[in-house]
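Undergrad: CSV, C-alpha atoms, file my_file02.csv:
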chain,number,residue,atom,x,y,z
A,191,MET,CA,8.3,22.5,-18.1
A,192,PRO,CA,11.2,20.5,-16.6
A,193,SER,CA,13.4,18.0,-18.4
A,194,LEU,CA,16.1,15.5,-17.7
A,195,THR,CA,18.7,13.7,-19.8
A,196,VAL,CA,19.8,10.2,-18.9
A,197,THR,CA,21.8,7.5,-20.7
A,198,ALA,CA,20.3,4.2,-21.8
A,199,ASN,CA,20.2,1.7,-19.0
A,200,THR,CA,18.5,-1.6,-18.2
A,201,VAL,CA,17.6,-0.2,-14.8
A,202,ALA,CA,14.7,2.2,-14.9
A,203,GLN,CA,16.1,5.7,-14.7
A,204,PRO,CA,13.9,8.1,-12.7
A,205,ILE,CA,12.8,11.3,-14.4
A,206,ALA,CA,10.1,12.5,-12.0
A,207,ALA,CA,9.2,11.2,-8.6
A,208,GLN,CA,5.6,10.2,-7.7
A,209,ARG,CA,3.2,13.0,-6.6
A,210,LEU,CA,0.2,11.7,-4.6
A,211,ASP,CA,-2.0,14.5,-5.8
A,212,ARG,CA,-0.9,14.8,-9.5
A,213,VAL,CA,0.1,12.8,-12.6
A,214,HIS,CA,3.1,13.3,-14.9
A,215,ARG,CA,2.7,13.7,-18.6
A,216,PRO,CA,5.7,13.5,-20.9
A,217,THR,CA,5.6,16.4,-23.3
A,218,SER,CA,8.9,15.8,-25.2
A,219,LEU,CA,11.1,12.8,-25.8
A,220,VAL,CA,14.5,13.0,-27.6
A,221,MET,CA,16.3,9.7,-28.1
A,222,ASP,CA,19.8,10.3,-29.4
A,223,ASN,CA,21.3,7.1,-30.6
A,224,ASP,CA,23.6,8.8,-33.2
A,225,ALA,CA,26.8,7.5,-31.4
A,226,GLY,CA,25.2,4.4,-29.9
A,227,ALA,CA,26.6,0.9,-30.4
A,228,GLY,CA,23.4,-0.7,-31.7
A,229,ASP,CA,19.6,-0.4,-32.1
A,230,ARG,CA,18.0,0.4,-28.7
A,231,VAL,CA,14.5,-0.2,-27.4
A,232,ILE,CA,13.4,2.7,-25.2
A,233,ARG,CA,10.4,2.5,-22.9
A,234,ILE,CA,8.6,4.9,-20.6
A,235,GLN,CA,7.7,3.2,-17.4
A,236,ASP,CA,5.2,4.2,-14.7
A,237,ILE,CA,6.2,2.8,-11.3
A,238,PHE,CA,3.9,3.0,-8.3
A,239,THR,CA,2.3,1.2,-5.4
A,240,PRO,CA,-1.5,1.2,-5.7
A,241,ALA,CA,-3.8,2.1,-2.9
A,242,VAL,CA,-5.4,-0.6,-0.8
A,243,SER,CA,-8.7,-1.3,-2.5
A,244,ASN,CA,-11.5,-3.8,-2.3
A,245,GLY,CA,-9.9,-6.2,-4.7
A,246,VAL,CA,-6.3,-5.7,-3.7
A,247,PRO,CA,-6.0,-5.7,0.1
A,248,VAL,CA,-2.1,-5.9,0.0
A,249,PRO,CA,-0.9,-3.9,-3.0
A,250,VAL,CA,2.7,-4.3,-4.2
A,251,LEU,CA,5.1,-2.1,-6.3
A,252,THR,CA,3.8,-2.1,-9.8
A,253,THR,CA,5.5,-1.3,-13.1
A,254,VAL,CA,3.5,-0.4,-16.2
A,255,ASP,CA,5.0,0.3,-19.6
A,256,ARG,CA,3.4,3.4,-21.1
A,257,PHE,CA,5.4,3.8,-24.3
A,258,ARG,CA,7.9,1.9,-26.4
A,259,GLN,CA,10.1,2.9,-29.3
A,260,THR,CA,13.0,1.3,-31.2
A,261,VAL,CA,15.8,3.8,-32.0
A,262,PRO,CA,18.0,2.5,-34.8
A,263,ILE,CA,21.8,2.9,-34.5
A,264,GLY,CA,23.0,6.2,-35.9
A,265,ASP,CA,19.5,7.7,-35.6
A,266,MET,CA,17.9,10.3,-33.4
A,267,ILE,CA,14.1,10.4,-32.8
A,268,ASN,CA,12.4,13.5,-31.5
A,269,LEU,CA,8.8,13.3,-30.3
A,270,ASP,CA,6.8,16.3,-29.3
A,271,GLU,CA,3.6,16.8,-27.2
A,272,ASP,CA,1.3,15.7,-30.0
A,273,ASP,CA,3.2,12.4,-30.5
A,274,LEU,CA,3.1,11.7,-26.7
A,275,LYS,CA,-0.6,12.7,-26.3
A,276,GLY,CA,-2.5,10.4,-24.0
A,277,ILE,CA,0.6,9.1,-22.1
A,278,LYS,CA,0.1,9.6,-18.4
A,279,CYS,CA,2.2,8.3,-15.5
A,280,LEU,CA,0.2,7.8,-12.3
A,281,GLY,CA,3.3,7.2,-10.2
A,282,SER,CA,7.0,8.0,-10.9
A,283,LEU,CA,8.0,8.7,-14.5
A,284,ASN,CA,11.0,6.6,-15.6
A,285,VAL,CA,12.8,5.5,-18.8
A,286,ILE,CA,14.5,2.2,-19.4
A,287,SER,CA,16.5,0.6,-22.3
A,288,ASP,CA,17.0,-2.9,-23.4
A,289,VAL,CA,20.8,-2.5,-23.3
A,290,ILE,CA,23.2,-0.3,-21.2
A,291,ASP,CA,24.7,2.2,-23.6
A,292,ALA,CA,26.5,5.4,-22.4
A,293,ASP,CA,26.4,6.8,-25.9
A,294,CYS,CA,22.7,6.7,-26.2
A,295,HIS,CA,21.1,9.7,-24.6
A,296,ILE,CA,17.4,10.1,-23.7
A,297,THR,CA,15.9,13.5,-22.8
A,298,VAL,CA,12.4,13.6,-21.3
A,299,GLY,CA,10.4,16.8,-20.8
A,300,TYR,CA,7.3,16.5,-18.7
A,301,GLU,CA,4.4,18.4,-17.1
A,302,THR,CA,2.8,17.6,-13.8
A,303,GLU,CA,-0.9,18.2,-13.7
B,39,MET,CA,-15.9,56.2,-32.3
B,40,LEU,CA,-16.9,57.1,-28.8
B,41,GLU,CA,-19.1,55.2,-26.5
B,42,LEU,CA,-20.3,56.2,-23.1
B,43,VAL,CA,-21.0,53.0,-21.2
B,44,PRO,CA,-24.2,53.5,-19.2
B,45,LYS,CA,-24.1,53.2,-15.5
B,46,PRO,CA,-25.2,49.7,-14.5
B,47,GLN,CA,-28.6,49.5,-12.9
B,48,PHE,CA,-27.6,46.6,-10.7
B,49,THR,CA,-24.6,44.5,-9.9
B,50,VAL,CA,-24.4,40.8,-9.4
B,51,VAL,CA,-22.7,39.7,-6.2
B,52,VAL,CA,-21.6,36.1,-6.2
B,53,PRO,CA,-21.8,34.7,-2.6
B,54,PRO,CA,-18.7,33.0,-1.2
B,55,LYS,CA,-18.6,29.3,-1.8
B,56,LEU,CA,-17.8,28.5,1.8
B,57,ILE,CA,-19.2,29.5,5.2
B,58,GLN,CA,-17.7,32.8,6.3
B,59,GLU,CA,-17.2,34.4,9.7
B,60,GLY,CA,-20.4,35.9,11.1
B,61,TYR,CA,-22.6,33.5,9.2
B,62,LEU,CA,-25.5,31.8,11.1
B,63,VAL,CA,-26.1,28.1,10.9
B,64,ASN,CA,-29.1,26.2,12.1
B,65,PHE,CA,-29.3,22.5,12.8
B,66,THR,CA,-32.7,21.0,12.3
B,67,ASN,CA,-34.7,19.1,14.9
B,68,ALA,CA,-34.2,16.0,12.8
B,69,TRP,CA,-30.7,15.5,14.2
B,70,PRO,CA,-30.8,12.6,16.7
B,71,SER,CA,-31.3,13.1,20.5
B,72,THR,CA,-27.8,11.7,21.0
B,73,MET,CA,-26.4,14.8,19.4
B,74,THR,CA,-27.7,17.4,21.7
B,75,HIS,CA,-24.7,19.6,21.1
B,76,VAL,CA,-26.2,20.6,17.7
B,77,ARG,CA,-29.8,19.3,17.6
B,78,GLY,CA,-32.3,22.2,17.0
B,79,LYS,CA,-29.7,24.8,17.8
B,80,THR,CA,-28.6,28.0,16.0
B,81,PHE,CA,-25.0,29.1,16.0
B,82,ARG,CA,-23.0,32.1,14.9
B,83,VAL,CA,-19.7,31.3,13.2
B,84,GLU,CA,-17.0,33.1,15.2
B,85,ALA,CA,-14.0,32.1,13.1
B,86,VAL,CA,-13.2,30.0,10.0
B,87,ASN,CA,-10.0,28.4,8.8
B,88,GLN,CA,-9.8,26.6,5.4
B,89,VAL,CA,-7.5,23.6,5.4
B,90,PRO,CA,-6.8,22.1,1.9
B,91,TYR,CA,-6.0,18.4,1.9
B,92,PRO,CA,-5.7,16.6,-1.5
B,93,ARG,CA,-5.8,12.8,-1.4
B,94,GLY,CA,-4.9,10.6,-4.3
B,95,TYR,CA,-5.5,6.9,-4.7
B,96,ILE,CA,-4.3,4.7,-7.5
B,97,ILE,CA,-6.9,2.0,-8.0
B,98,PRO,CA,-7.1,-0.9,-10.5
B,99,THR,CA,-9.8,-0.7,-13.2
B,100,GLY,CA,-13.2,-2.1,-12.1
B,101,ASP,CA,-12.2,-1.9,-8.5
B,102,TYR,CA,-13.1,0.5,-5.7
B,103,ARG,CA,-11.9,2.0,-2.5
B,104,ASP,CA,-13.9,3.3,0.4
B,105,VAL,CA,-12.7,6.6,1.8
B,106,ASP,CA,-14.1,6.9,5.3
B,107,LEU,CA,-14.0,10.5,6.6
B,108,SER,CA,-14.5,9.5,10.2
B,109,ASN,CA,-11.7,9.5,12.8
B,110,GLY,CA,-9.5,6.6,13.6
B,111,GLN,CA,-6.5,4.5,12.6
B,112,GLY,CA,-8.3,2.2,10.2
B,113,THR,CA,-6.8,1.7,6.7
B,114,PHE,CA,-9.7,3.7,5.1
B,115,GLN,CA,-10.2,6.3,7.7
B,116,GLU,CA,-9.1,9.9,6.9
B,117,SER,CA,-9.9,11.4,10.4
B,118,PHE,CA,-11.6,14.5,9.1
B,119,TYR,CA,-14.2,14.7,11.9
B,120,PRO,CA,-14.2,17.5,14.5
B,121,THR,CA,-13.5,16.5,18.1
B,122,ARG,CA,-15.0,19.6,19.7
B,123,SER,CA,-18.7,20.0,20.1
B,124,GLN,CA,-18.5,23.7,19.1
B,125,SER,CA,-16.9,22.9,15.7
B,126,LEU,CA,-18.5,22.5,12.3
B,127,PHE,CA,-16.4,21.2,9.5
B,128,GLU,CA,-17.7,22.2,6.1
B,129,VAL,CA,-15.9,19.9,3.6
B,130,ALA,CA,-15.8,20.9,-0.1
B,131,LEU,CA,-14.9,18.1,-2.4
B,132,GLY,CA,-13.3,18.7,-5.8
B,133,LEU,CA,-12.8,15.7,-8.1
B,134,ARG,CA,-9.8,15.9,-10.4
B,135,PRO,CA,-10.3,14.5,-13.9
B,136,GLY,CA,-10.2,10.8,-14.3
B,137,ASN,CA,-12.2,7.7,-15.3
B,138,TYR,CA,-14.0,7.2,-12.0
B,139,LEU,CA,-17.2,7.8,-10.0
B,140,VAL,CA,-17.9,8.5,-6.4
B,141,GLN,CA,-20.9,7.2,-4.4
B,142,PHE,CA,-21.8,8.4,-0.9
B,143,TYR,CA,-22.8,6.2,2.1
B,144,ILE,CA,-23.7,7.2,5.6
B,145,PRO,CA,-23.5,5.2,7.7
B,146,ALA,CA,-21.6,2.4,5.9
B,147,THR,CA,-23.7,0.3,3.5
B,148,ARG,CA,-26.5,2.9,3.5
B,149,SER,CA,-26.5,4.9,0.4
B,150,ILE,CA,-27.8,8.5,0.4
B,151,HIS,CA,-29.0,8.2,-3.2
B,152,ASN,CA,-31.5,5.4,-3.3
B,153,LEU,CA,-34.7,5.7,-5.4
B,154,GLU,CA,-37.9,4.6,-3.9
B,155,TYR,CA,-38.6,1.4,-5.8
B,156,ALA,CA,-37.2,-1.8,-4.3
B,157,GLY,CA,-33.6,-2.6,-5.4
B,158,MET,CA,-32.9,0.8,-6.8
B,159,THR,CA,-29.8,1.2,-4.8
B,160,PRO,CA,-26.3,2.2,-6.0
B,161,ASP,CA,-24.2,-0.9,-6.5
B,162,VAL,CA,-20.7,-1.1,-7.8
B,163,THR,CA,-21.2,-4.7,-8.8
B,164,SER,CA,-24.0,-3.8,-11.2
B,165,ALA,CA,-23.2,-2.6,-14.7
B,166,THR,CA,-26.1,-0.2,-14.6
B,167,LYS,CA,-26.6,0.7,-10.9
B,168,VAL,CA,-23.0,1.7,-10.5
B,169,TYR,CA,-24.1,4.9,-12.1
B,170,LEU,CA,-27.1,5.4,-9.9
B,171,GLY,CA,-26.5,8.4,-7.7
B,172,ALA,CA,-22.8,8.5,-8.6
B,173,ARG,CA,-20.9,11.7,-9.0
B,174,LYS,CA,-18.4,12.2,-11.9
B,175,PRO,CA,-15.3,14.4,-11.8
B,176,GLU,CA,-17.0,16.9,-14.0
B,177,ASP,CA,-19.8,17.3,-11.5
B,178,SER,CA,-17.5,19.0,-9.0
B,179,PRO,CA,-14.2,20.1,-10.5
B,180,PRO,CA,-11.7,21.5,-8.0
B,181,GLU,CA,-11.9,25.0,-9.4
B,182,ASP,CA,-15.7,25.0,-8.9
B,183,THR,CA,-16.6,22.6,-6.1
B,184,ARG,CA,-20.2,21.7,-5.9
B,185,ILE,CA,-20.1,18.8,-3.4
B,186,LYS,CA,-20.2,19.9,0.3
B,187,MET,CA,-20.4,17.8,3.4
B,188,TYR,CA,-21.1,19.0,6.9
B,189,LEU,CA,-19.4,17.2,9.7
B,190,VAL,CA,-19.9,17.6,13.4
B,191,MET,CA,-18.6,15.6,16.4
B,192,ASP,CA,-20.1,12.1,16.8
B,193,LEU,CA,-21.7,12.0,13.4
B,194,GLU,CA,-21.9,8.5,11.9
B,195,PRO,CA,-19.1,7.7,9.4
B,196,LEU,CA,-19.5,9.2,6.0
B,197,ILE,CA,-18.0,7.0,3.3
B,198,LEU,CA,-17.1,7.9,-0.2
B,199,ARG,CA,-16.9,4.9,-2.4
B,200,VAL,CA,-14.5,5.7,-5.2
B,201,PHE,CA,-15.0,3.3,-8.2
B,202,VAL,CA,-12.8,3.1,-11.2
B,203,LEU,CA,-14.7,2.5,-14.4
B,204,PRO,CA,-13.5,0.0,-16.9
B,205,GLY,CA,-10.5,1.3,-18.8
B,206,VAL,CA,-6.7,0.9,-19.0
B,207,ASP,CA,-5.1,-1.0,-16.0
B,208,TYR,CA,-5.2,1.7,-13.3
B,209,GLU,CA,-6.6,5.1,-12.6
B,210,LYS,CA,-5.5,7.8,-10.2
B,211,CYS,CA,-8.4,9.3,-8.4
B,212,VAL,CA,-7.5,12.6,-6.8
B,213,LEU,CA,-10.0,14.1,-4.3
B,214,ASP,CA,-9.3,17.7,-3.5
B,215,PHE,CA,-10.7,18.3,0.0
B,216,THR,CA,-11.0,21.7,1.5
B,217,ILE,CA,-12.0,21.5,5.2
B,218,ASN,CA,-13.5,24.8,6.3
B,219,LYS,CA,-13.2,24.7,10.0
B,220,CYS,CA,-15.9,26.8,11.6
B,221,ASP,CA,-15.8,27.8,15.3
B,222,LEU,CA,-19.4,28.0,16.6
B,223,ARG,CA,-21.1,30.0,19.3
B,224,GLU,CA,-24.7,29.2,20.2
B,225,ILE,CA,-27.1,32.0,20.0
B,226,GLN,CA,-30.8,32.5,20.8
B,227,PRO,CA,-31.9,33.7,17.3
B,228,THR,CA,-34.6,36.2,16.5
B,229,ASP,CA,-37.1,35.2,13.8
B,230,ALA,CA,-35.1,37.2,11.3
B,231,GLU,CA,-31.9,35.5,12.2
B,232,ARG,CA,-33.5,32.1,12.1
B,233,LEU,CA,-34.7,32.8,8.5
B,234,LYS,CA,-31.3,34.0,7.5
B,235,ALA,CA,-29.4,31.1,9.0
B,236,LYS,CA,-28.0,28.3,6.7
B,237,VAL,CA,-30.0,25.2,7.5
B,238,ILE,CA,-27.9,22.1,8.1
B,239,ARG,CA,-30.0,19.0,7.7
B,240,TYR,CA,-29.4,15.5,9.1
B,241,TYR,CA,-28.7,12.9,6.5
B,242,ASP,CA,-31.9,11.1,7.2
B,243,GLU,CA,-33.8,14.1,5.8
B,244,LEU,CA,-32.2,13.3,2.4
B,245,LYS,CA,-33.5,9.7,2.5
B,246,PHE,CA,-37.2,10.5,2.6
B,247,GLY,CA,-39.5,8.1,0.8
Now that the file is in, can you turn its structure into structure tokens?

TA:
Amino acid sequence: MPSLTVTANTVAQPIAAQRLDRVHRPTSLVMDNDAGAGDRVIRIQDIFTPAVSNGVPVPVLTTVDRFRQTVPIGDMINLDEDDLKGIKCLGSLNVISDVIDADCHITVGYETE
Amino acid sequence: MLELVPKPQFTVVVPPKLIQEGYLVNFTNAWPSTMTHVRGKTFRVEAVNQVPYPRGYIIPTGDYRDVDLSNGQGTFQESFYPTRSQSLFEVALGLRPGNYLVQFYIPATRSIHNLEYAGMTPDVTSATKVYLGARKPEDSPPEDTRIKMYLVMDLEPLILRVFVLPGVDYEKCVLDFTINKCDLREIQPTDAERLKAKVIRYYDELKFG
């Protein structure tokens, strides 16, 4: 199961690119705000362009929030597969923060199925 | 302590899921006269080649997309059809898990799975008839595909209507196609060969009644 660590950023940080024939499921999420400068709101975002369908003849790039967690300053939150059960990214798997903070680290592990 | 397992009296042989080299196929006389390259003929399969081709579509909830297997450059066309008269494409369809249904139409707007009473036609705009004749992912999982389609040159467009059931925002519908390309050689079959041949019916034969 691959994983990637990124720092808190207000631009969505890509973890796994879209697979046309698969979905991504986050299986672990560690949000380390021990040395951060303030409380941080971390979200998992699913970014994709839907297929042309009957109701949407001209689809556009779409962003859907799949998860949200506030991480208090000086704290570290560790979520495992059970905590993240049911979260599925149809397109690319990304994480985003409400504030840029180089001292707040987010590690996401995921499976592609 | 010690067991001697008796010799089995018979063994069960599971037949291959796809048409194999050397198989015989017979197209019924119900195929239209415009398709003389197959109508009423029997062929031996000279060679096969399986081509996997998964296709995924992210579709909003309550919406649908038509997947047209015929050839062309249209938005919905997948260009699966053979272009040689001596080819048969056996297409196995596996449906990956998700909150969606698939209905089958050939040609466009004509469902294969009508009932006989007036109005009993699959309809994605109806809360009940959306389920009529529809196949769910568990009906044909990719590891045990149970939906097969037989495509020959000049067949009318076969359309799969992929409908996402009500749920959370979007669903990803992944259709795992395996296109078993079969190279055909016409034979004059003996009675025994004709009985042994796999019968490939025209779609109208499924729409009786």

Undergrad: Could you give me, as CSV, a per-residue list for chain B showing, wherever an atom lies at most 7 Å from an atom of chain A, the closest pair of atoms and their distance in Å to one decimal, using all atoms listed in the file and sorting by chain then residue number from low to high?

TA:
residue,atom,partner,partner_atom,distance
B:Pro92,CA,A:Asp211,CA,6.0
B:Arg93,CA,A:Asp211,CA,6.1
B:Gly94,CA,A:Asp211,CA,5.1
B:Tyr95,CA,A:Ala241,CA,5.4
B:Ile96,CA,A:Pro240,CA,4.8
B:Ile97,CA,A:Pro240,CA,5.9
B:Asp101,CA,A:Gly245,CA,6.2
B:Tyr102,CA,A:Asn244,CA,5.7
B:Arg103,CA,A:Ser243,CA,4.6
B:Lys210,CA,A:Leu280,CA,6.1
B:Val212,CA,A:Asp211,CA,5.9

Undergrad: So how many Å separate CA of Tyr91 (chain B) and CA of Leu131 (chain B), to one decimal?

TA: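 If I compute the distance from CA of Tyr91 (chain B) to CA of Leu131 (chain B), I get 9.9 Å.
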
Undergrad: I'd like the contact shell of region 149-164 of chain B - 9 Å cut-off, only C-alpha atoms, skipping same-chain residues fewer than 2 positions apart - returned as a VMD selection string.

TA: chain B and resid 100 to 102 141 to 147 166 to 172 199 201 241 to 242 244 to 247

Undergrad: Counting only C-alpha atoms, find the residues whose atoms lie at most 8 Å from (-21.3, 28.8, 18.7) (file coordinates) and write them out as an MDAnalysis selection string.

TA: chainID B and resid 80:84 124:125 221:225

Undergrad: Could you work out how far CA of Phe114 (chain B) lies from CA of Leu196 (chain B), giving the answer in Å with one decimal?

TA: 11.3 Å

Undergrad: Under the rule that only C-alpha atoms are counted, which of A:Gly264, A:Pro192, A:Gly228, A:Gly299 is the nearest residue to Ser287 (chain A)?

TA: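 Ranked by minimum distance to Ser287 (chain A), first place goes to A:Gly228.
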
Undergrad: Work out how far CA of Val140 (chain B) is from CA of Met191 (chain B), in Å to one decimal.

TA: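 That distance, rounded to one decimal, is 23.9 Å.
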
Undergrad: Find the spatial neighbours of region 182-187 of chain B, counting only C-alpha atoms, within a cut-off of 12 Å - ignore same-chain residues fewer than 6 positions away - and output them as number ranges by chain.

TA: B: 54-57, 107, 118-119, 126-134, 140-144, 172-176, 193, 195-198, 213-219, 238-241

Undergrad: Name the residues within 10 Å of (5.8, 4.9, -11.6), counting only C-alpha atoms in the file's coordinates, and put them as a PDB file with C-alpha atoms, in the coordinates of the input.

TA:
ATOM      1  CA  ALA A 202      14.700   2.200 -14.900  1.00  0.00           C
ATOM      2  CA  PRO A 204      13.900   8.100 -12.700  1.00  0.00           C
ATOM      3  CA  ILE A 205      12.800  11.300 -14.400  1.00  0.00           C
ATOM      4  CA  ALA A 206      10.100  12.500 -12.000  1.00  0.00           C
ATOM      5  CA  ALA A 207       9.200  11.200  -8.600  1.00  0.00           C
ATOM      6  CA  GLN A 208       5.600  10.200  -7.700  1.00  0.00           C
ATOM      7  CA  ARG A 209       3.200  13.000  -6.600  1.00  0.00           C
ATOM      8  CA  VAL A 213       0.100  12.800 -12.600  1.00  0.00           C
ATOM      9  CA  HIS A 214       3.100  13.300 -14.900  1.00  0.00           C
ATOM     10  CA  ILE A 234       8.600   4.900 -20.600  1.00  0.00           C
ATOM     11  CA  GLN A 235       7.700   3.200 -17.400  1.00  0.00           C
ATOM     12  CA  ASP A 236       5.200   4.200 -14.700  1.00  0.00           C
ATOM     13  CA  ILE A 237       6.200   2.800 -11.300  1.00  0.00           C
ATOM     14  CA  PHE A 238       3.900   3.000  -8.300  1.00  0.00           C
ATOM     15  CA  THR A 239       2.300   1.200  -5.400  1.00  0.00           C
ATOM     16  CA  LEU A 251       5.100  -2.100  -6.300  1.00  0.00           C
ATOM     17  CA  THR A 252       3.800  -2.100  -9.800  1.00  0.00           C
ATOM     18  CA  THR A 253       5.500  -1.300 -13.100  1.00  0.00           C
ATOM     19  CA  VAL A 254       3.500  -0.400 -16.200  1.00  0.00           C
ATOM     20  CA  ASP A 255       5.000   0.300 -19.600  1.00  0.00           C
ATOM     21  CA  ARG A 256       3.400   3.400 -21.100  1.00  0.00           C
ATOM     22  CA  CYS A 279       2.200   8.300 -15.500  1.00  0.00           C
ATOM     23  CA  LEU A 280       0.200   7.800 -12.300  1.00  0.00           C
ATOM     24  CA  GLY A 281       3.300   7.200 -10.200  1.00  0.00           C
ATOM     25  CA  SER A 282       7.000   8.000 -10.900  1.00  0.00           C
ATOM     26  CA  LEU A 283       8.000   8.700 -14.500  1.00  0.00           C
ATOM     27  CA  ASN A 284      11.000   6.600 -15.600  1.00  0.00           C
TER      28      ASN A 284
END

Undergrad: Would you mind listing what lies within 8 Å of Thr297 (chain A) as a ChimeraX atom specification, with all atoms listed in the file counted and same-chain residues fewer than 2 positions away left out?

TA: /A:193-196,218-221,295,299

Undergrad: So which residues touch Asp293 (chain A) within 8 Å, counting all atoms listed in the file, skipping near sequence neighbours fewer than 4 positions away, as a list of chain:residue names?

TA: A:Thr197, A:Ala198, A:Asn223, A:Ala225, A:Gly226, A:Ala227
